[in-house]
$ cat my_file_10.cif   # mmCIF, C-alpha atoms and all ligand atoms
data_final
#
loop_
_atom_site.group_PDB
_atom_site.id
_atom_site.type_symbol
_atom_site.label_atom_id
_atom_site.label_comp_id
_atom_site.auth_asym_id
_atom_site.auth_seq_id
_atom_site.Cartn_x
_atom_site.Cartn_y
_atom_site.Cartn_z
ATOM 1 C CA MET M 15 -17.407 -4.871 -27.933
ATOM 2 C CA SER M 16 -19.006 -1.574 -26.982
ATOM 3 C CA THR M 17 -21.837 -1.808 -24.479
ATOM 4 C CA GLU M 18 -22.503 1.950 -24.523
ATOM 5 C CA ASN M 19 -26.197 1.629 -25.169
ATOM 6 C CA ASP M 20 -26.802 -1.585 -23.311
ATOM 7 C CA LEU M 21 -26.754 -0.716 -19.640
ATOM 8 C CA SER M 22 -28.100 -4.152 -18.745
ATOM 9 C CA GLN M 23 -24.694 -5.570 -19.767
ATOM 10 C CA SER M 24 -22.673 -2.920 -17.966
ATOM 11 C CA PHE M 25 -20.435 -3.617 -14.986
ATOM 12 C CA GLY M 26 -22.969 -2.270 -12.462
ATOM 13 C CA ALA M 27 -25.764 -4.505 -13.690
ATOM 14 C CA ARG M 28 -23.499 -7.577 -13.864
ATOM 15 C CA LEU M 29 -22.108 -6.914 -10.388
ATOM 16 C CA ALA M 30 -25.607 -6.414 -8.950
ATOM 17 C CA THR M 31 -26.605 -9.833 -10.327
ATOM 18 C CA LYS M 32 -23.488 -11.465 -8.838
ATOM 19 C CA MET M 33 -24.063 -9.754 -5.478
ATOM 20 C CA ARG M 34 -27.622 -11.093 -5.402
ATOM 21 C CA GLU M 35 -26.640 -14.609 -6.478
ATOM 22 C CA ALA M 36 -23.401 -15.115 -4.557
ATOM 23 C CA GLY M 37 -23.643 -12.568 -1.764
ATOM 24 C CA PRO M 38 -21.789 -9.262 -1.539
ATOM 25 C CA VAL M 39 -18.199 -10.304 -0.813
ATOM 26 C CA CYS M 40 -15.168 -9.339 -2.882
ATOM 27 C CA VAL M 41 -11.997 -11.358 -2.305
ATOM 28 C CA GLY M 42 -8.772 -9.381 -2.374
ATOM 29 C CA ILE M 43 -5.796 -11.062 -4.018
ATOM 30 C CA ASP M 44 -2.967 -9.466 -2.033
ATOM 31 C CA PRO M 45 0.116 -11.699 -2.148
ATOM 32 C CA HIS M 46 2.015 -10.206 0.781
ATOM 33 C CA PRO M 47 5.519 -11.682 1.175
ATOM 34 C CA ASN M 48 4.568 -13.127 4.571
ATOM 35 C CA LEU M 49 1.499 -14.840 3.082
ATOM 36 C CA LEU M 50 3.615 -16.313 0.280
ATOM 37 C CA ALA M 51 5.960 -17.696 2.940
ATOM 38 C CA ALA M 52 3.043 -19.086 4.957
ATOM 39 C CA TRP M 53 1.743 -20.749 1.793
ATOM 40 C CA ASP M 54 5.214 -22.184 1.141
ATOM 41 C CA LEU M 55 5.451 -20.253 -2.132
ATOM 42 C CA PRO M 56 8.503 -18.348 -3.393
ATOM 43 C CA ASP M 57 8.399 -14.545 -3.364
ATOM 44 C CA SER M 58 8.680 -14.519 -7.157
ATOM 45 C CA ALA M 59 6.465 -14.066 -10.198
ATOM 46 C CA GLN M 60 5.754 -17.824 -10.221
ATOM 47 C CA GLY M 61 4.794 -17.674 -6.548
ATOM 48 C CA LEU M 62 2.415 -14.782 -7.214
ATOM 49 C CA GLU M 63 0.770 -16.549 -10.121
ATOM 50 C CA LYS M 64 0.246 -19.741 -8.133
ATOM 51 C CA PHE M 65 -1.144 -17.701 -5.233
ATOM 52 C CA GLY M 66 -3.703 -15.907 -7.404
ATOM 53 C CA MET M 67 -4.732 -19.039 -9.290
ATOM 54 C CA THR M 68 -5.264 -20.872 -6.002
ATOM 55 C CA VAL M 69 -7.580 -18.123 -4.750
ATOM 56 C CA LEU M 70 -9.607 -18.220 -7.975
ATOM 57 C CA GLU M 71 -9.835 -22.007 -7.837
ATOM 58 C CA ALA M 72 -10.852 -22.095 -4.171
ATOM 59 C CA VAL M 73 -13.500 -19.390 -4.152
ATOM 60 C CA GLY M 74 -14.563 -19.179 -7.799
ATOM 61 C CA GLU M 75 -18.275 -18.571 -8.360
ATOM 62 C CA GLN M 76 -18.899 -17.979 -4.674
ATOM 63 C CA ALA M 77 -17.357 -14.496 -4.710
ATOM 64 C CA ALA M 78 -19.135 -11.495 -6.195
ATOM 65 C CA ALA M 79 -15.744 -10.276 -7.460
ATOM 66 C CA PHE M 80 -11.978 -10.607 -7.069
ATOM 67 C CA LYS M 81 -9.741 -7.634 -6.394
ATOM 68 C CA PRO M 82 -6.072 -8.198 -7.214
ATOM 69 C CA GLN M 83 -3.833 -5.606 -5.579
ATOM 70 C CA SER M 84 -1.483 -4.408 -8.302
ATOM 71 C CA ALA M 85 1.219 -3.252 -5.873
ATOM 72 C CA PHE M 86 2.215 -6.779 -4.906
ATOM 73 C CA PHE M 87 2.657 -7.720 -8.562
ATOM 74 C CA GLU M 88 4.486 -4.507 -9.536
ATOM 75 C CA ARG M 89 7.081 -5.347 -6.832
ATOM 76 C CA HIS M 90 8.343 -8.010 -9.219
ATOM 77 C CA GLY M 91 8.575 -5.780 -12.288
ATOM 78 C CA ALA M 92 7.575 -7.032 -15.713
ATOM 79 C CA LYS M 93 7.389 -10.664 -14.605
ATOM 80 C CA GLY M 94 5.107 -9.778 -11.698
ATOM 81 C CA VAL M 95 2.836 -7.779 -14.002
ATOM 82 C CA ALA M 96 2.758 -10.752 -16.387
ATOM 83 C CA ALA M 97 1.571 -12.912 -13.463
ATOM 84 C CA LEU M 98 -1.164 -10.362 -12.751
ATOM 85 C CA GLU M 99 -2.211 -10.424 -16.407
ATOM 86 C CA THR M 100 -2.436 -14.216 -16.336
ATOM 87 C CA ILE M 101 -4.646 -14.093 -13.242
ATOM 88 C CA LEU M 102 -6.897 -11.418 -14.781
ATOM 89 C CA GLN M 103 -7.245 -13.424 -17.992
ATOM 90 C CA GLU M 104 -7.996 -16.629 -16.096
ATOM 91 C CA ALA M 105 -10.689 -14.862 -14.080
ATOM 92 C CA LYS M 106 -12.169 -13.432 -17.261
ATOM 93 C CA SER M 107 -12.338 -16.767 -19.051
ATOM 94 C CA ALA M 108 -13.968 -18.336 -15.981
ATOM 95 C CA GLY M 109 -16.586 -15.556 -15.986
ATOM 96 C CA PHE M 110 -15.493 -14.004 -12.655
ATOM 97 C CA LEU M 111 -15.643 -10.228 -12.201
ATOM 98 C CA THR M 112 -12.361 -8.450 -11.478
ATOM 99 C CA ILE M 113 -11.708 -5.115 -9.814
ATOM 100 C CA LEU M 114 -8.074 -4.253 -10.366
ATOM 101 C CA ASP M 115 -6.830 -2.248 -7.400
ATOM 102 C CA VAL M 116 -4.465 0.253 -9.031
ATOM 103 C CA LYS M 117 -5.687 3.488 -7.376
ATOM 104 C CA ARG M 118 -4.754 5.606 -10.380
ATOM 105 C CA GLY M 119 -5.443 9.330 -10.789
ATOM 106 C CA ASP M 120 -3.646 11.866 -12.992
ATOM 107 C CA ILE M 121 -4.187 14.908 -15.180
ATOM 108 C CA GLY M 122 -6.731 14.190 -17.880
ATOM 109 C CA SER M 123 -4.402 13.482 -20.796
ATOM 110 C CA THR M 124 -2.404 10.944 -18.786
ATOM 111 C CA MET M 125 -5.523 9.540 -17.171
ATOM 112 C CA SER M 126 -6.714 8.590 -20.582
ATOM 113 C CA ALA M 127 -3.655 6.332 -21.063
ATOM 114 C CA TYR M 128 -4.143 4.704 -17.654
ATOM 115 C CA ALA M 129 -7.787 4.054 -18.472
ATOM 116 C CA GLU M 130 -6.861 2.466 -21.809
ATOM 117 C CA SER M 131 -4.398 0.169 -20.030
ATOM 118 C CA PHE M 132 -7.052 -1.400 -17.827
ATOM 119 C CA LEU M 133 -10.444 -0.794 -19.447
ATOM 120 C CA THR M 134 -9.871 -1.477 -23.137
ATOM 121 C CA PRO M 135 -11.248 -4.857 -24.176
ATOM 122 C CA GLY M 136 -8.344 -7.100 -25.131
ATOM 123 C CA ALA M 137 -5.714 -5.023 -23.275
ATOM 124 C CA PRO M 138 -3.193 -7.283 -21.492
ATOM 125 C CA SER M 139 -4.258 -5.930 -18.074
ATOM 126 C CA GLU M 140 -7.978 -5.683 -18.847
ATOM 127 C CA ALA M 141 -10.221 -5.794 -15.777
ATOM 128 C CA ASP M 142 -13.943 -5.282 -15.292
ATOM 129 C CA ALA M 143 -13.319 -2.311 -13.023
ATOM 130 C CA ILE M 144 -10.482 -0.365 -11.414
ATOM 131 C CA THR M 145 -9.964 1.760 -8.323
ATOM 132 C CA LEU M 146 -9.240 5.470 -8.850
ATOM 133 C CA SER M 147 -7.948 8.308 -6.712
ATOM 134 C CA PRO M 148 -9.829 11.623 -7.225
ATOM 135 C CA TYR M 149 -7.292 13.871 -5.507
ATOM 136 C CA LEU M 150 -6.263 15.644 -8.704
ATOM 137 C CA GLY M 151 -9.919 16.647 -8.928
ATOM 138 C CA LEU M 152 -12.821 14.377 -9.830
ATOM 139 C CA GLY M 153 -12.956 16.076 -13.241
ATOM 140 C CA SER M 154 -9.460 14.747 -14.049
ATOM 141 C CA LEU M 155 -10.987 11.252 -14.060
ATOM 142 C CA ALA M 156 -13.353 12.128 -16.928
ATOM 143 C CA PRO M 157 -11.333 10.135 -19.540
ATOM 144 C CA ALA M 158 -11.673 7.012 -17.400
ATOM 145 C CA HIS M 159 -15.391 7.651 -17.002
ATOM 146 C CA GLU M 160 -15.825 8.085 -20.763
ATOM 147 C CA LEU M 161 -13.922 4.908 -21.583
ATOM 148 C CA ALA M 162 -15.764 2.949 -18.909
ATOM 149 C CA VAL M 163 -19.107 4.062 -20.350
ATOM 150 C CA LYS M 164 -17.953 3.087 -23.836
ATOM 151 C CA HIS M 165 -16.924 -0.422 -22.816
ATOM 152 C CA GLY M 166 -19.400 -1.139 -20.007
ATOM 153 C CA LYS M 167 -16.640 -1.114 -17.362
ATOM 154 C CA GLY M 168 -16.721 0.023 -13.736
ATOM 155 C CA LEU M 169 -14.830 2.527 -11.579
ATOM 156 C CA PHE M 170 -14.461 2.767 -7.807
ATOM 157 C CA VAL M 171 -13.476 6.239 -6.627
ATOM 158 C CA LEU M 172 -11.814 6.661 -3.231
ATOM 159 C CA ALA M 173 -14.211 8.651 -1.028
ATOM 160 C CA LEU M 174 -13.668 7.693 2.632
ATOM 161 C CA THR M 175 -10.737 5.319 2.840
ATOM 162 C CA SER M 176 -10.188 2.772 5.579
ATOM 163 C CA ASN M 177 -6.879 4.228 6.808
ATOM 164 C CA PRO M 178 -6.974 6.824 9.613
ATOM 165 C CA GLU M 179 -4.816 9.314 7.642
ATOM 166 C CA GLY M 180 -7.470 9.613 4.923
ATOM 167 C CA ALA M 181 -9.655 11.857 7.094
ATOM 168 C CA SER M 182 -7.183 14.767 6.937
ATOM 169 C CA VAL M 183 -7.982 15.213 3.236
ATOM 170 C CA GLN M 184 -11.368 13.555 2.779
ATOM 171 C CA HIS M 185 -13.113 15.300 5.714
ATOM 172 C CA SER M 186 -11.815 18.763 4.739
ATOM 173 C CA GLN M 187 -14.564 21.208 3.842
ATOM 174 C CA ASN M 188 -14.960 23.906 1.218
ATOM 175 C CA ALA M 189 -16.208 27.429 1.902
ATOM 176 C CA GLN M 190 -19.823 26.190 1.808
ATOM 177 C CA GLY M 191 -19.049 23.595 4.496
ATOM 178 C CA GLN M 192 -19.186 20.637 2.103
ATOM 179 C CA ALA M 193 -16.699 17.858 2.784
ATOM 180 C CA VAL M 194 -14.374 16.675 -0.003
ATOM 181 C CA ALA M 195 -15.797 13.147 0.311
ATOM 182 C CA ARG M 196 -19.331 14.498 -0.127
ATOM 183 C CA MET M 197 -18.385 16.375 -3.298
ATOM 184 C CA ILE M 198 -16.853 13.190 -4.686
ATOM 185 C CA ALA M 199 -19.983 11.195 -3.837
ATOM 186 C CA GLU M 200 -22.183 13.767 -5.558
ATOM 187 C CA GLY M 201 -20.006 13.752 -8.671
ATOM 188 C CA VAL M 202 -20.059 9.964 -8.918
ATOM 189 C CA ALA M 203 -23.841 10.013 -8.408
ATOM 190 C CA GLN M 204 -24.097 12.114 -11.580
ATOM 191 C CA TRP M 205 -22.141 9.508 -13.516
ATOM 192 C CA ASN M 206 -24.782 6.961 -12.505
ATOM 193 C CA GLN M 207 -27.736 9.043 -13.686
ATOM 194 C CA PRO M 208 -28.425 6.939 -16.844
ATOM 195 C CA ALA M 209 -28.404 3.716 -14.814
ATOM 196 C CA ARG M 210 -30.703 5.285 -12.222
ATOM 197 C CA GLU M 211 -33.151 6.215 -14.965
ATOM 198 C CA ALA M 212 -32.965 2.642 -16.272
ATOM 199 C CA GLY M 213 -33.664 1.248 -12.779
ATOM 200 C CA LEU M 214 -30.225 -0.411 -12.576
ATOM 201 C CA MET M 215 -27.307 -0.177 -10.183
ATOM 202 C CA GLY M 216 -24.694 2.080 -11.752
ATOM 203 C CA SER M 217 -21.185 1.035 -12.740
ATOM 204 C CA PHE M 218 -19.554 3.831 -10.792
ATOM 205 C CA GLY M 219 -18.981 3.212 -7.127
ATOM 206 C CA LEU M 220 -17.206 4.654 -4.161
ATOM 207 C CA VAL M 221 -14.590 3.184 -1.882
ATOM 208 C CA VAL M 222 -15.898 3.628 1.646
ATOM 209 C CA GLY M 223 -13.884 1.779 4.258
ATOM 210 C CA ALA M 224 -15.706 -0.466 6.705
ATOM 211 C CA THR M 225 -13.559 1.058 9.455
ATOM 212 C CA ILE M 226 -14.757 4.683 9.196
ATOM 213 C CA GLY M 227 -17.514 4.578 11.826
ATOM 214 C CA SER M 228 -20.093 7.336 11.447
ATOM 215 C CA ALA M 229 -18.014 9.539 9.098
ATOM 216 C CA ALA M 230 -20.310 9.157 6.074
ATOM 217 C CA GLN M 231 -23.360 10.294 8.056
ATOM 218 C CA ASP M 232 -21.432 12.993 9.940
ATOM 219 C CA LEU M 233 -20.227 14.508 6.670
ATOM 220 C CA GLY M 234 -23.684 14.373 5.063
ATOM 221 C CA LEU M 235 -22.904 11.825 2.316
ATOM 222 C CA ASP M 236 -26.035 10.388 0.723
ATOM 223 C CA LEU M 237 -24.621 6.992 -0.258
ATOM 224 C CA GLY M 238 -27.974 5.677 -1.463
ATOM 225 C CA ALA M 239 -28.213 8.553 -3.935
ATOM 226 C CA VAL M 240 -24.944 7.449 -5.539
ATOM 227 C CA ASN M 241 -26.779 4.356 -6.838
ATOM 228 C CA GLY M 242 -23.480 2.563 -7.353
ATOM 229 C CA PRO M 243 -21.599 -0.181 -5.527
ATOM 230 C CA MET M 244 -19.897 0.726 -2.252
ATOM 231 C CA LEU M 245 -16.599 -1.125 -2.127
ATOM 232 C CA ALA M 246 -15.934 -1.578 1.584
ATOM 233 C CA PRO M 247 -12.393 -2.718 2.374
ATOM 234 C CA GLY M 248 -11.311 -3.051 5.986
ATOM 235 C CA VAL M 249 -13.287 -6.211 6.705
ATOM 236 C CA GLY M 250 -11.136 -8.840 8.414
ATOM 237 C CA ALA M 251 -7.500 -7.894 8.951
ATOM 238 C CA GLN M 252 -8.230 -4.192 9.540
ATOM 239 C CA GLY M 253 -10.704 -5.091 12.256
ATOM 240 C CA ALA M 254 -14.116 -4.442 10.715
ATOM 241 C CA GLY M 255 -16.933 -6.997 10.637
ATOM 242 C CA GLY M 256 -20.696 -7.082 10.351
ATOM 243 C CA ALA M 257 -21.366 -4.572 13.145
ATOM 244 C CA GLU M 258 -19.002 -2.030 11.578
ATOM 245 C CA LEU M 259 -20.602 -2.445 8.131
ATOM 246 C CA SER M 260 -24.020 -1.755 9.663
ATOM 247 C CA GLN M 261 -22.724 1.335 11.409
ATOM 248 C CA VAL M 262 -20.987 2.758 8.329
ATOM 249 C CA PHE M 263 -23.742 2.110 5.778
ATOM 250 C CA GLY M 264 -26.971 2.260 7.790
ATOM 251 C CA HIS M 265 -29.896 2.199 5.341
ATOM 252 C CA ASP M 266 -27.677 1.740 2.300
ATOM 253 C CA LEU M 267 -26.359 -1.762 3.024
ATOM 254 C CA SER M 268 -27.875 -3.141 -0.187
ATOM 255 C CA LEU M 269 -25.163 -1.324 -2.167
ATOM 256 C CA VAL M 270 -22.271 -2.705 -0.115
ATOM 257 C CA LEU M 271 -19.619 -4.921 -1.651
ATOM 258 C CA ALA M 272 -17.542 -5.921 1.387
ATOM 259 C CA SER M 273 -13.903 -6.577 0.575
ATOM 260 C CA SER M 274 -11.479 -8.710 2.532
ATOM 261 C CA SER M 275 -7.984 -9.801 1.569
ATOM 262 C CA ARG M 276 -5.804 -11.104 4.419
ATOM 263 C CA GLY M 277 -8.829 -12.172 6.484
ATOM 264 C CA ILE M 278 -9.630 -14.739 3.777
ATOM 265 C CA LEU M 279 -6.140 -15.385 2.421
ATOM 266 C CA LYS M 280 -4.856 -16.468 5.831
ATOM 267 C CA GLY M 281 -7.035 -19.579 5.358
ATOM 268 C CA GLY M 282 -4.686 -20.824 2.596
ATOM 269 C CA PRO M 283 -2.842 -22.496 1.101
ATOM 270 C CA THR M 284 -5.350 -25.351 1.019
ATOM 271 C CA LEU M 285 -8.533 -24.930 -1.002
ATOM 272 C CA ALA M 286 -10.569 -26.135 1.973
ATOM 273 C CA GLY M 287 -8.899 -23.616 4.289
ATOM 274 C CA LEU M 288 -9.581 -20.741 1.892
ATOM 275 C CA GLN M 289 -13.151 -21.887 1.388
ATOM 276 C CA ALA M 290 -13.747 -22.017 5.148
ATOM 277 C CA ALA M 291 -12.298 -18.517 5.670
ATOM 278 C CA PHE M 292 -14.388 -17.197 2.782
ATOM 279 C CA ALA M 293 -17.541 -18.867 4.145
ATOM 280 C CA ASP M 294 -17.027 -17.234 7.562
ATOM 281 C CA THR M 295 -16.659 -13.800 5.969
ATOM 282 C CA LEU M 296 -19.642 -14.329 3.698
ATOM 283 C CA ALA M 297 -21.867 -15.441 6.586
ATOM 284 C CA GLU M 298 -20.950 -12.411 8.669
ATOM 285 C CA VAL M 299 -21.434 -9.975 5.773
ATOM 286 C CA LYS M 300 -24.727 -11.536 4.710
ATOM 287 C CA GLN M 301 -26.063 -11.285 8.217
ATOM 288 C CA ALA M 302 -25.114 -7.599 8.407
ATOM 289 C CA VAL M 303 -26.517 -6.785 4.986
ATOM 290 C CA GLY M 304 -29.639 -8.877 5.567
ATOM 291 C CA CYS M 305 -29.516 -10.979 2.411
HETATM 292 O O1 LIG I 401 -9.170 0.550 -2.712
HETATM 293 C C1 LIG I 401 -9.034 -0.341 -1.868
HETATM 294 O O2 LIG I 401 -9.350 -1.491 -2.116
HETATM 295 C C2 LIG I 401 -8.657 0.033 -0.512
HETATM 296 C C3 LIG I 401 -9.127 1.239 -0.056
HETATM 297 C C4 LIG I 401 -9.080 1.537 1.315
HETATM 298 O O3 LIG I 401 -9.600 2.543 1.766
HETATM 299 N N1 LIG I 401 -8.491 0.634 2.136
HETATM 300 C C5 LIG I 401 -7.951 -0.527 1.701
HETATM 301 O O4 LIG I 401 -7.484 -1.321 2.534
HETATM 302 N N2 LIG I 401 -7.976 -0.817 0.362
HETATM 303 C C6 LIG I 401 -7.293 -2.020 -0.167
HETATM 304 O O5 LIG I 401 -7.980 -3.170 0.292
HETATM 305 C C7 LIG I 401 -7.049 -4.195 0.653
HETATM 306 C C8 LIG I 401 -7.215 -4.499 2.130
HETATM 307 O O6 LIG I 401 -6.539 -5.665 2.474
HETATM 308 P P1 LIG I 401 -6.797 -6.419 3.866
HETATM 309 O O7 LIG I 401 -6.585 -5.396 4.934
HETATM 310 O O8 LIG I 401 -5.758 -7.476 3.865
HETATM 311 O O9 LIG I 401 -8.198 -6.954 3.827
HETATM 312 C C9 LIG I 401 -5.663 -3.682 0.276
HETATM 313 O O10 LIG I 401 -5.345 -4.118 -1.027
HETATM 314 C C10 LIG I 401 -5.837 -2.174 0.295
HETATM 315 O O11 LIG I 401 -4.973 -1.502 -0.603
#

$ encode --input "my_file_10.cif" --output "structure tokens"
Amino acid sequence: MSTENDLSQSFGARLATKMREAGPVCVGIDPHPNLLAAWDLPDSAQGLEKFGMTVLEAVGEQAAAFKPQSAFFERHGAKGVAALETILQEAKSAGFLTILDVKRGDIGSTMSAYAESFLTPGAPSEADAITLSPYLGLGSLAPAHELAVKHGKGLFVLALTSNPEGASVQHSQNAQGQAVARMIAEGVAQWNQPAREAGLMGSFGLVVGATIGSAAQDLGLDLGAVNGPMLAPGVGAQGAGGAELSQVFGHDLSLVLASSSRGILKGGPTLAGLQAAFADTLAEVKQAVGC
């Protein structure tokens, strides 16, 4: 179904509603081999599927979104990808939002095929949104943007990533002194113009790590002007918490979708353990965001 002209049904609007209702926490589904072992699951496609299904069952409606990390499924080839597809389909039928973490980015003609793989309704790996890398030029992502608009899907573009190495590229400046990350933020802000005019949160967000300190302010990024969700990984296992979120996002905390994987997953394998770890993360994030 095309939602091109119905922005109120688009990913951004649906995510904004979930963030208000449930609180702004995204749960990463990252089945690391050591977590599978700790959960007494085999490092196999069946183990991955059980892992993902357990996370969905434990946290369910309480999360704003789930973010499966494709890499851990691709490790197991076609069977691992089939497990990922099962988890995505289960989340969809339960009405949970999914952000598939695939970090794709390629020349336009190829980008179009990647976008179709994940954003076409009915595709085996359909998700509500995907993560994208803009380092072949933000313009190379245009086919994904067009398809996302057509189907009411979302995109999260890497702007200031949580890893320390990201700065060497993302903080680089052009001849006018504008940082790469700032140019990306301004481009994504343009994608959200129709939603801004409609008074809605846009479907096109940035990835801004919760570990980056004052980088967004130092580089002159106007995150509020992007008017899209700010996916903030780095909460939990990478050391960030409420104080770091406040420092990174300042006045723009209302757009933050904090993401934690291992910090929550270490609570498993029991449903109660996962729920307790999720509740701790949610409480800390809510306090920082003030909701
Ligand atoms: O796009 C991402 O989600 C992402 C971007 C980034 O800058 N840093 C980052 O850690 N991530 C992803 O977020 C997840 C973090 O996992 P934990 O460190 O276990 O919470 C991993 O799947 C990463 O690939």

$ residues_near_ligand --input "my_file_10.cif" --ligand "ligand LIG 401 (chain I)" --cutoff "9 Å" --atoms "only C-alpha atoms and all ligand atoms" --output "number ranges by chain"
M: 41-44, 46, 81-86, 113-117, 144-147, 170-177, 180, 221-225, 245-253, 273-279

$ resolve_selection --input "my_file_10.cif" --expression "the PyMOL selection byres (((chain M and resi 98) around 12) and not hetatm)" --output "ChimeraX atom specification"
/M:43-45,59-67,81-97,99-105,112,114-116,132,138-141

$ write_last_selection --input "my_file_10.cif" --atoms "C-alpha atoms" --output "PDB file, keeping the file's coordinate frame"
ATOM      1  CA  ILE M  43      -5.796 -11.062  -4.018  1.00  0.00           C
ATOM      2  CA  ASP M  44      -2.967  -9.466  -2.033  1.00  0.00           C
ATOM      3  CA  PRO M  45       0.116 -11.699  -2.148  1.00  0.00           C
ATOM      4  CA  ALA M  59       6.465 -14.066 -10.198  1.00  0.00           C
ATOM      5  CA  GLN M  60       5.754 -17.824 -10.221  1.00  0.00           C
ATOM      6  CA  GLY M  61       4.794 -17.674  -6.548  1.00  0.00           C
ATOM      7  CA  LEU M  62       2.415 -14.782  -7.214  1.00  0.00           C
ATOM      8  CA  GLU M  63       0.770 -16.549 -10.121  1.00  0.00           C
ATOM      9  CA  LYS M  64       0.246 -19.741  -8.133  1.00  0.00           C
ATOM     10  CA  PHE M  65      -1.144 -17.701  -5.233  1.00  0.00           C
ATOM     11  CA  GLY M  66      -3.703 -15.907  -7.404  1.00  0.00           C
ATOM     12  CA  MET M  67      -4.732 -19.039  -9.290  1.00  0.00           C
ATOM     13  CA  LYS M  81      -9.741  -7.634  -6.394  1.00  0.00           C
ATOM     14  CA  PRO M  82      -6.072  -8.198  -7.214  1.00  0.00           C
ATOM     15  CA  GLN M  83      -3.833  -5.606  -5.579  1.00  0.00           C
ATOM     16  CA  SER M  84      -1.483  -4.408  -8.302  1.00  0.00           C
ATOM     17  CA  ALA M  85       1.219  -3.252  -5.873  1.00  0.00           C
ATOM     18  CA  PHE M  86       2.215  -6.779  -4.906  1.00  0.00           C
ATOM     19  CA  PHE M  87       2.657  -7.720  -8.562  1.00  0.00           C
ATOM     20  CA  GLU M  88       4.486  -4.507  -9.536  1.00  0.00           C
ATOM     21  CA  ARG M  89       7.081  -5.347  -6.832  1.00  0.00           C
ATOM     22  CA  HIS M  90       8.343  -8.010  -9.219  1.00  0.00           C
ATOM     23  CA  GLY M  91       8.575  -5.780 -12.288  1.00  0.00           C
ATOM     24  CA  ALA M  92       7.575  -7.032 -15.713  1.00  0.00           C
ATOM     25  CA  LYS M  93       7.389 -10.664 -14.605  1.00  0.00           C
ATOM     26  CA  GLY M  94       5.107  -9.778 -11.698  1.00  0.00           C
ATOM     27  CA  VAL M  95       2.836  -7.779 -14.002  1.00  0.00           C
ATOM     28  CA  ALA M  96       2.758 -10.752 -16.387  1.00  0.00           C
ATOM     29  CA  ALA M  97       1.571 -12.912 -13.463  1.00  0.00           C
ATOM     30  CA  GLU M  99      -2.211 -10.424 -16.407  1.00  0.00           C
ATOM     31  CA  THR M 100      -2.436 -14.216 -16.336  1.00  0.00           C
ATOM     32  CA  ILE M 101      -4.646 -14.093 -13.242  1.00  0.00           C
ATOM     33  CA  LEU M 102      -6.897 -11.418 -14.781  1.00  0.00           C
ATOM     34  CA  GLN M 103      -7.245 -13.424 -17.992  1.00  0.00           C
ATOM     35  CA  GLU M 104      -7.996 -16.629 -16.096  1.00  0.00           C
ATOM     36  CA  ALA M 105     -10.689 -14.862 -14.080  1.00  0.00           C
ATOM     37  CA  THR M 112     -12.361  -8.450 -11.478  1.00  0.00           C
ATOM     38  CA  LEU M 114      -8.074  -4.253 -10.366  1.00  0.00           C
ATOM     39  CA  ASP M 115      -6.830  -2.248  -7.400  1.00  0.00           C
ATOM     40  CA  VAL M 116      -4.465   0.253  -9.031  1.00  0.00           C
ATOM     41  CA  PHE M 132      -7.052  -1.400 -17.827  1.00  0.00           C
ATOM     42  CA  PRO M 138      -3.193  -7.283 -21.492  1.00  0.00           C
ATOM     43  CA  SER M 139      -4.258  -5.930 -18.074  1.00  0.00           C
ATOM     44  CA  GLU M 140      -7.978  -5.683 -18.847  1.00  0.00           C
ATOM     45  CA  ALA M 141     -10.221  -5.794 -15.777  1.00  0.00           C
TER      46      ALA M 141
END

$ closest_residue --input "my_file_10.cif" --among "M:Leu269, M:Ala291, M:Ala72, M:Leu155" --to "Ala239 in chain M" --atoms "all atoms listed in the file"
M:Leu269

$ residues_around --input "my_file_10.cif" --residues "Gly37 in chain M" --least-positions-apart "4" --cutoff "8 Å" --atoms "all atoms listed in the file" --output "count of residues only"
8

$ atom_distance --input "my_file_10.cif" --atom1 "CA of Leu233 in chain M" --atom2 "CA of His185 in chain M"
7.2 Å

$ resolve_selection --input "my_file_10.cif" --expression "the PyMOL selection byres (((chain M and resi 238) around 12) and not hetatm)" --output "ChimeraX atom specification"
/M:199-200,202-203,206,210,215-216,219-220,230-231,234-237,239-244,263-270

$ atom_distance --input "my_file_10.cif" --atom1 "CA of Gly227 in chain M" --atom2 "CA of Asp294 in chain M"
22.2 Å

$ atom_distance --input "my_file_10.cif" --atom1 "CA of Asp120 in chain M" --atom2 "CA of Ile198 in chain M"
15.7 Å

$ residues_around --input "my_file_10.cif" --residues "Ala290 in chain M" --least-positions-apart "5" --cutoff "9 Å" --atoms "all atoms listed in the file" --output "PDB file with C-alpha atoms, in the coordinates of the input"
ATOM      1  CA  ILE M 278      -9.630 -14.739   3.777  1.00  0.00           C
ATOM      2  CA  GLY M 281      -7.035 -19.579   5.358  1.00  0.00           C
ATOM      3  CA  LEU M 285      -8.533 -24.930  -1.002  1.00  0.00           C
ATOM      4  CA  THR M 295     -16.659 -13.800   5.969  1.00  0.00           C
TER       5      THR M 295
END

$ residues_around --input "my_file_10.cif" --residues "Gln187 in chain M" --least-positions-apart "6" --cutoff "10 Å" --atoms "only C-alpha atoms" --output "ChimeraX atom specification"
/M:193-197,233

$ closest_residue --input "my_file_10.cif" --among "M:Leu150, M:Leu70, M:Leu133, M:Ala162" --to "Cys40 in chain M" --atoms "only C-alpha atoms"
M:Leu70

$ resolve_selection --input "my_file_10.cif" --expression "the PyMOL selection byres (((chain M and resi 209) around 10) and not hetatm)" --output "ChimeraX atom specification"
/M:21-22,24,26-27,204-208,210-218,241-242

$ axis_aligned_box --input "my_file_10.cif" --around "range 199-217 of chain M" --padding-each-side "3 Å" --output "JSON"
{"center_x": -26.8, "center_y": 6.7, "center_z": -10.3, "size_x": 19.7, "size_y": 20.2, "size_z": 19.0}

$ closest_residue --input "my_file_10.cif" --among "M:Ser107, M:Ser260, M:Ser154, M:Gln192" --to "Ala129 in chain M" --atoms "all atoms listed in the file"
M:Ser154
